[in-house]
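*Asks:* Sharing a structure below in structure tokens format, with a few things to ask.
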Amino acid sequence: MHLAGRQFKKSKRVLALLLSAVMLMGGCGNSAKPEEEIALIDPVSSANVTETVCRRTLYDYDVLDGGVFPIITEYPAAIGMKAADIGYFPGQRVTSGSVLFSGDMKDYYDQERSVRNSLDELIVSYAESRRVNEIKLRELNYFIEARDDENLPNSPYMQIIVQKALFDKELLEYTINDNDMVYNLDVAHYNTLLNRIAENQARRLVRSYMNGTVVAVAAVNPGTLISEGTNVSAVTDGHSLNILAEYRNARDFENAKEYYAIIDGKRYEITHVPYSSAEYSALKASGSEVYSVFRFEDPEGAVKVGQKANIVLVKDRKEDVLSVSNLAIHRDEGGYYVSLVSGDKAYITKGMTDGVFTEVVSGINEGDVLLLDTYTEAPENIATLSRGDFYIKYEGTGYLYYPDITNISNNVKYGTVTLTLKNVTKGQRVKRGDVIAYVSVAENSVILEELTLKLTRLGERRDRAQAAYDDPSTYYLDKDVQEKMKNAVSTLDRQIQSVSEQIQEIQASYSVTAFYAPCDGVVGYITELSDGAVLKANELIATVAADSAEYLYAMNESKILMYGMDLIGEYNDPNTGETIQFPATVSSVSFGPISSDLATDRVFVMPVGVTLPGGAHDPNAEISAEIPNGYTIVPQNPYEEWLLQQEAANAPAKQSYKLTGYLEYETDVVLVPAKAVTFSNDQAYVTVFDGEKYVKIGFIAGGANPTKSVMIDNVAYIWAAEGLEEGMVVVY
């Protein structure tokens with residue numbers, strides 16, 4: 001990049017005023033090649049008292065701040081539930097059917113067991129009573145048929161007996177039919193409950209319906225209450241991209257002269273994707289931030305997720321039109337006019353204005369010299385515009401972070417559990433199977449005796465049911481009755497199996513002596529209970545953060561770090577003092593195409609190919625990381641719980657790493673010294689010298705307002721998206 005500059009000399013001689021009145025702002029030009037030596041009037045220090053009517057390009061534009069984001073699919077909880085486990089974290093690959101999130105199933109298992117026990121009891125009881133009733137009905141039919149066949153005297157007494165038999169038969173048939181109807185209704189009811197429970201169990205598993213990468217997860221830990229419809233995870237296929245930018249309504253783009261995107265210094269044609277009124281209302285109602293969305297053409301596949309995008313919205317543009325400074329235009333009863341250097345008034349017809357200059361449709365000609373009522377210091381510096389790379393560098397801090405939390409709770413259902421020894425401390429590294437805490441379990445002999453007795457009774461009942469089914473008389477009963485008797489035997493077998501398993505579970509509970517680490521990781525929380533304390537059912541003992549999900553997190557309140565950005569991590573080796581660098585990638589979407597459920601003020605940064613000092617994989621240093629402890633302290637909402645969990649983790653001792661990268665990089669763009677640019681109504685202007693005269697012109701400054709500048713070789717620069725060319729000479 002070549003930059004030329006020189007200091008103009010000053011003088012207070014009167015000659016300067018006269019000469020500059022002729023030369024300064026005396027002509028119009030678009031671009032000129034820089035000469036080796038530019039002859040400037042010396043001395044130069046004067047008032048800009050004239051202006052020559054010339055042609056310019058006038059702009060009315062906005063540059064919207066935007067970025068390239070993945071198209072994502074969010075997955076909501078189908079029902080209200082307590083969180084049990086987040087299956088995948090940002091940056092991790094998933095396949096169709098992968099469980100992204102699961103709810104606590106314990107209460108549903110208890111419901112299923114209760115309903116199934118009730119159904120089993122109904123099946124067995126009904127089969128037993130139905131067999132008895134069928135045998136009675138058969139005996140009554142035999143008696144009635146036998147009395148009809150015998151040629152015995154039809155005495156009044158016998159008639160009464162037969163009538164009673166007929167009545168008993170009719171009543172029994174009614175009872176059987178009524179019992180059948182009630183039985184069928186009860187069975188249908190219990191099966192409906194079981195189906196509903198099974199459906200709700202399935203709905204507690206949030207599955208991905210695509211192959212892709214997780215880009216966001218809910219900020220919750222096991223035990224957190226999740227409301228129905230709350231988004232808990234988001235996945236992208238990694239290929240579909242959109243541009244999101246500051247919001248403008250659809251009419252702005254419909255009425256625009258044109259709009260396009262600049263990414264890495266290149267222009268891309270884009271298409272605005274408007275919201276329907278219902279979509280816009282839903283986004284606003286949900287609290288989600290609203291962005292303008294664009295599709296773009298990228299046949300070469302050069303655009304990558306995480307790149308900065310500038311959306312240039314040209315509301316109006318008039319190219320090479322006759323124009324004058326707004327300072328030259330006045331108004332009286334005759335209309336708008338300008339004052340010619342001759343002293344005459346020239347009434348004009350105005351056209352478009354950019355806020356500083358106004359198009360003149362008629363009334364004056366190119367080259368006319370106008371009088372101005374203003375005073376401006378003469379320029380002191382000169383620079384030849386050239387192309388170069390414009391970039392905004394990011395420097396921040398990343399902290400070690402392990403979000404994959406597993407709760408270790410007292411899951412012993414039977415007996416009294418006493419904590420005998422805590423075997424770990426907070427922050428300690430553990431391996432799968434390591435002892436977290438030792439416990440002892442005092443037996444409850446009453447429950448075991450009751451279940452043993454129940455098992456004996458079920459065995460006896462099962463033997464009777466089998467004997468009844470094997471009884472020869474059963475052969476003559478209705479086939480439906482035989483089938484129900486057979487089902488009763490099977491049901492009793494299932495009940496016997498269930499009670500046997502329950503007895504085994506109790507015996508296993510009584511043999512529990514310790515709780516163990518479920519995975520390799522780091523202890524995030526250990527109970528404060530003293531040794532010897534009695535544990536409540538499901539009481540939290542400890543949490544372990546899996547070391548398979550190791551991240552750095554970086555704060556992102558200003559929404560500058562985007563998913564997919566490549567960063568460089570850096571730390572000083574604690575042993576040698578050597579500076580070690582490693583690649584890292586922003587692996588989560590924290591804003592943009594994401595709902596308020598998953599939006600956050602931090603991003604996950606995934607380190608690549610490095611063992612981080614102070615991390616879970618570094619055996620030579622004390623762990624120093626942010627580990628959510630998973631402990632629920634009566635939260636009012638998931639975010640409040642998250643904040644509570646961070647209180648202890650935000651200690652100064654946690655390991656930090658320097659993170660650097662580029663928030664924006666524009667390759668081979670026209671660079672303009674920031675001091676050469678003036679802004680009026682957010683429109684940018686420079687004064688160009690073409691070797692003979694000075695002309696103030698507008699251009700489209702790259703970057704959203706307020707336009708950012710960067711220091712290159714101790715000079716602040718901005719870049720031009722449109723309107724300036726390499727080789728132009730600007731003065732300031």
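Starting from 1 in every chain, residues are counted up; chains themselves are A, B, ... following the order of the structure tokens, and ligands are numbered from 1 as listed.
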Just list the residues in range 266-355 of chain A DSSP gives strand (DSSP E or B) on the backbone, as an MDAnalysis selection string.

*Replies:* chainID A and resid 266:273 292:296 308:325 329:332 335:340 345:347 349:353

*Asks:* Output C-alpha atoms of each residue in that selection to a file, as a PDB file, in the first residue's frame.

*Replies:*
```pdb
ATOM      1  CA  LYS A 266     -15.989  -8.708  -2.604  1.00  0.00           C
ATOM      2  CA  ARG A 267     -19.455  -7.772  -3.715  1.00  0.00           C
ATOM      3  CA  TYR A 268     -22.228 -10.387  -3.535  1.00  0.00           C
ATOM      4  CA  GLU A 269     -25.727 -10.169  -4.918  1.00  0.00           C
ATOM      5  CA  ILE A 270     -28.311 -10.846  -2.239  1.00  0.00           C
ATOM      6  CA  THR A 271     -32.068 -11.343  -1.917  1.00  0.00           C
ATOM      7  CA  HIS A 272     -34.015  -9.998   1.040  1.00  0.00           C
ATOM      8  CA  VAL A 273     -36.200 -12.583   2.815  1.00  0.00           C
ATOM      9  CA  SER A 292     -33.037  -8.652   8.292  1.00  0.00           C
ATOM     10  CA  VAL A 293     -32.349 -11.948   6.520  1.00  0.00           C
ATOM     11  CA  PHE A 294     -30.727 -12.348   3.104  1.00  0.00           C
ATOM     12  CA  ARG A 295     -29.936 -15.207   0.777  1.00  0.00           C
ATOM     13  CA  PHE A 296     -26.836 -14.732  -1.346  1.00  0.00           C
ATOM     14  CA  LYS A 308     -18.465 -10.209   8.578  1.00  0.00           C
ATOM     15  CA  ALA A 309     -20.946  -8.893   5.994  1.00  0.00           C
ATOM     16  CA  ASN A 310     -21.695  -5.255   5.186  1.00  0.00           C
ATOM     17  CA  ILE A 311     -25.100  -4.748   3.579  1.00  0.00           C
ATOM     18  CA  VAL A 312     -25.026  -1.655   1.364  1.00  0.00           C
ATOM     19  CA  LEU A 313     -28.556  -0.300   1.013  1.00  0.00           C
ATOM     20  CA  VAL A 314     -28.558   2.344  -1.718  1.00  0.00           C
ATOM     21  CA  LYS A 315     -31.825   4.210  -1.202  1.00  0.00           C
ATOM     22  CA  ASP A 316     -31.049   6.554  -4.088  1.00  0.00           C
ATOM     23  CA  ARG A 317     -28.150   7.313  -6.375  1.00  0.00           C
ATOM     24  CA  LYS A 318     -27.751   9.979  -9.073  1.00  0.00           C
ATOM     25  CA  GLU A 319     -24.623   9.543 -11.156  1.00  0.00           C
ATOM     26  CA  ASP A 320     -22.781  12.409 -12.852  1.00  0.00           C
ATOM     27  CA  VAL A 321     -25.440  15.025 -12.141  1.00  0.00           C
ATOM     28  CA  LEU A 322     -25.052  18.809 -11.990  1.00  0.00           C
ATOM     29  CA  SER A 323     -24.884  19.703  -8.304  1.00  0.00           C
ATOM     30  CA  VAL A 324     -23.997  22.501  -5.901  1.00  0.00           C
ATOM     31  CA  SER A 325     -23.326  22.788  -2.213  1.00  0.00           C
ATOM     32  CA  ILE A 329     -28.776  27.608  -2.174  1.00  0.00           C
ATOM     33  CA  HIS A 330     -31.111  30.285  -0.810  1.00  0.00           C
ATOM     34  CA  ARG A 331     -34.834  30.921  -0.977  1.00  0.00           C
ATOM     35  CA  ASP A 332     -37.088  33.916  -1.382  1.00  0.00           C
ATOM     36  CA  GLY A 335     -38.211  30.219  -5.122  1.00  0.00           C
ATOM     37  CA  TYR A 336     -34.790  28.622  -4.716  1.00  0.00           C
ATOM     38  CA  TYR A 337     -31.822  30.551  -6.089  1.00  0.00           C
ATOM     39  CA  VAL A 338     -28.024  30.762  -6.072  1.00  0.00           C
ATOM     40  CA  SER A 339     -25.827  33.871  -6.187  1.00  0.00           C
ATOM     41  CA  LEU A 340     -23.487  34.051  -9.151  1.00  0.00           C
ATOM     42  CA  LYS A 345     -29.507  35.686  -8.837  1.00  0.00           C
ATOM     43  CA  ALA A 346     -30.157  32.432 -10.694  1.00  0.00           C
ATOM     44  CA  TYR A 347     -33.373  30.638  -9.777  1.00  0.00           C
ATOM     45  CA  THR A 349     -35.036  23.643  -9.905  1.00  0.00           C
ATOM     46  CA  LYS A 350     -33.757  21.246  -7.279  1.00  0.00           C
ATOM     47  CA  GLY A 351     -33.506  17.474  -7.571  1.00  0.00           C
ATOM     48  CA  MET A 352     -32.072  14.871  -5.225  1.00  0.00           C
ATOM     49  CA  THR A 353     -29.966  15.916  -2.222  1.00  0.00           C
TER      50      THR A 353
END
```

*Asks:* Quick one: residues within 10 Å of range 456-466 of chain A, only C-alpha atoms, excluding same-chain residues fewer than 6 positions away - as a ChimeraX atom specification?

*Replies:* /A:124,127-128,450,485-493,495-496,499

*Asks:* Once you have the residues from the selection above, write them out as a PDB file, in the first residue's frame, restricted to C-alpha atoms.

*Replies:*
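Okay, this is what ended up in part16.pdb:
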```pdb
ATOM      1  CA  VAL A 124     -56.179 -61.973  37.393  1.00  0.00           C
ATOM      2  CA  ALA A 127     -60.272 -64.320  35.153  1.00  0.00           C
ATOM      3  CA  GLU A 128     -60.879 -65.986  38.538  1.00  0.00           C
ATOM      4  CA  GLU A 450     -43.590 -57.948  53.340  1.00  0.00           C
ATOM      5  CA  MET A 485     -57.540 -67.803  32.475  1.00  0.00           C
ATOM      6  CA  LYS A 486     -54.363 -68.333  30.473  1.00  0.00           C
ATOM      7  CA  ASN A 487     -53.682 -64.570  30.557  1.00  0.00           C
ATOM      8  CA  ALA A 488     -54.155 -64.619  34.316  1.00  0.00           C
ATOM      9  CA  VAL A 489     -51.372 -67.182  34.669  1.00  0.00           C
ATOM     10  CA  SER A 490     -49.073 -65.079  32.486  1.00  0.00           C
ATOM     11  CA  THR A 491     -49.935 -61.976  34.452  1.00  0.00           C
ATOM     12  CA  LEU A 492     -49.173 -63.666  37.754  1.00  0.00           C
ATOM     13  CA  ASP A 493     -45.859 -64.820  36.326  1.00  0.00           C
ATOM     14  CA  GLN A 495     -46.059 -60.021  38.958  1.00  0.00           C
ATOM     15  CA  ILE A 496     -43.857 -62.698  40.511  1.00  0.00           C
ATOM     16  CA  VAL A 499     -41.630 -58.655  43.032  1.00  0.00           C
TER      17      VAL A 499
END
```

*Asks:* Would you mind reading off the distance between CA of Thr707 in chain A and CA of Ala328 in chain A, one decimal, in Å?

*Replies:*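 Going from CA of Thr707 in chain A over to CA of Ala328 in chain A covers 28.3 Å.
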
*Asks:* Mind checking which residues fall within 9 Å of Tyr247 in chain A, counting only C-alpha atoms, ignoring those fewer than 2 positions away in the same chain, and posting them as a list in words?

*Replies:*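 The contact residues come out as Leu64, Leu244, Ala245, Asn249, Val290, Tyr291, Ser292 and Val293 of chain A.
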
*Asks:* Since we have the selection now, will you write its residues out, keeping C-alpha atoms, as a PDB file, in the first residue's frame?

*Replies:*
```pdb
ATOM      1  CA  LEU A  64     -26.016  -2.302   7.746  1.00  0.00           C
ATOM      2  CA  LEU A 244     -28.302 -11.525   9.018  1.00  0.00           C
ATOM      3  CA  ALA A 245     -28.042  -7.769   9.431  1.00  0.00           C
ATOM      4  CA  ASN A 249     -38.585  -3.375   7.031  1.00  0.00           C
ATOM      5  CA  VAL A 290     -35.200  -9.256  14.927  1.00  0.00           C
ATOM      6  CA  TYR A 291     -32.762  -9.154  12.013  1.00  0.00           C
ATOM      7  CA  SER A 292     -33.037  -8.652   8.292  1.00  0.00           C
ATOM      8  CA  VAL A 293     -32.349 -11.948   6.520  1.00  0.00           C
TER       9      VAL A 293
END
```

*Asks:* Write out as a PyMOL selection string all residues of range 133-245 of chain A that backbone DSSP assigns to alpha helix (DSSP H).

*Replies:* chain A and resi 133-149+156-203

*Asks:* Pick out the closest residue to Asn211 in chain A from this set: A:His239, A:His189, A:Lys675, A:Lys257. Count only C-alpha atoms.

*Replies:*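 For Asn211 in chain A, the nearest of the given residues is A:His239.
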
*Asks:* Would you pick out the contacts of Phe89 in chain A at 8 Å or less, using only C-alpha atoms, so that residues sharing its chain but fewer than 2 positions from it are not included, and give the list as a ChimeraX atom specification?

*Replies:* /A:86-87,91-92,214-217,404,549

*Asks:* Calculate how many Å separate CA of Val686 in chain A from CA of Val730 in chain A, rounding to one decimal.

*Replies:*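 Taking CA of Val686 in chain A and CA of Val730 in chain A, their separation equals 6.6 Å.
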
*Asks:* Measuring between only C-alpha atoms, which one of A:Tyr402, A:Tyr510, A:Tyr142, A:Tyr109 shows the shortest distance to Thr418 in chain A?

*Replies:*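 Checking each candidate against Thr418 in chain A, we get A:Tyr510 as the closest.
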
*Asks:* So, with only C-alpha atoms as the atoms that count, which of A:Gly661, A:Gly229, A:Gly433, A:Gly367 lies closest to Lys393 in chain A?

*Replies:* A:Gly661

*Asks:* So that I can see what lies close to Val523 in chain A, please list as a ChimeraX atom specification the residues with an atom at most 10 Å from it, counting only C-alpha atoms and leaving out residues fewer than 4 positions away in the same chain.

*Replies:* /A:405-406,424-430,436,517,542-546,623,627-629

*Asks:* Restricting the calculation to only C-alpha atoms, which member of A:Thr224, A:Ser96, A:Asn572, A:Asn191 is positioned closest to Gly80 in chain A?

*Replies:*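 Looking at the shortest contact to Gly80 in chain A, the residue is A:Thr224.
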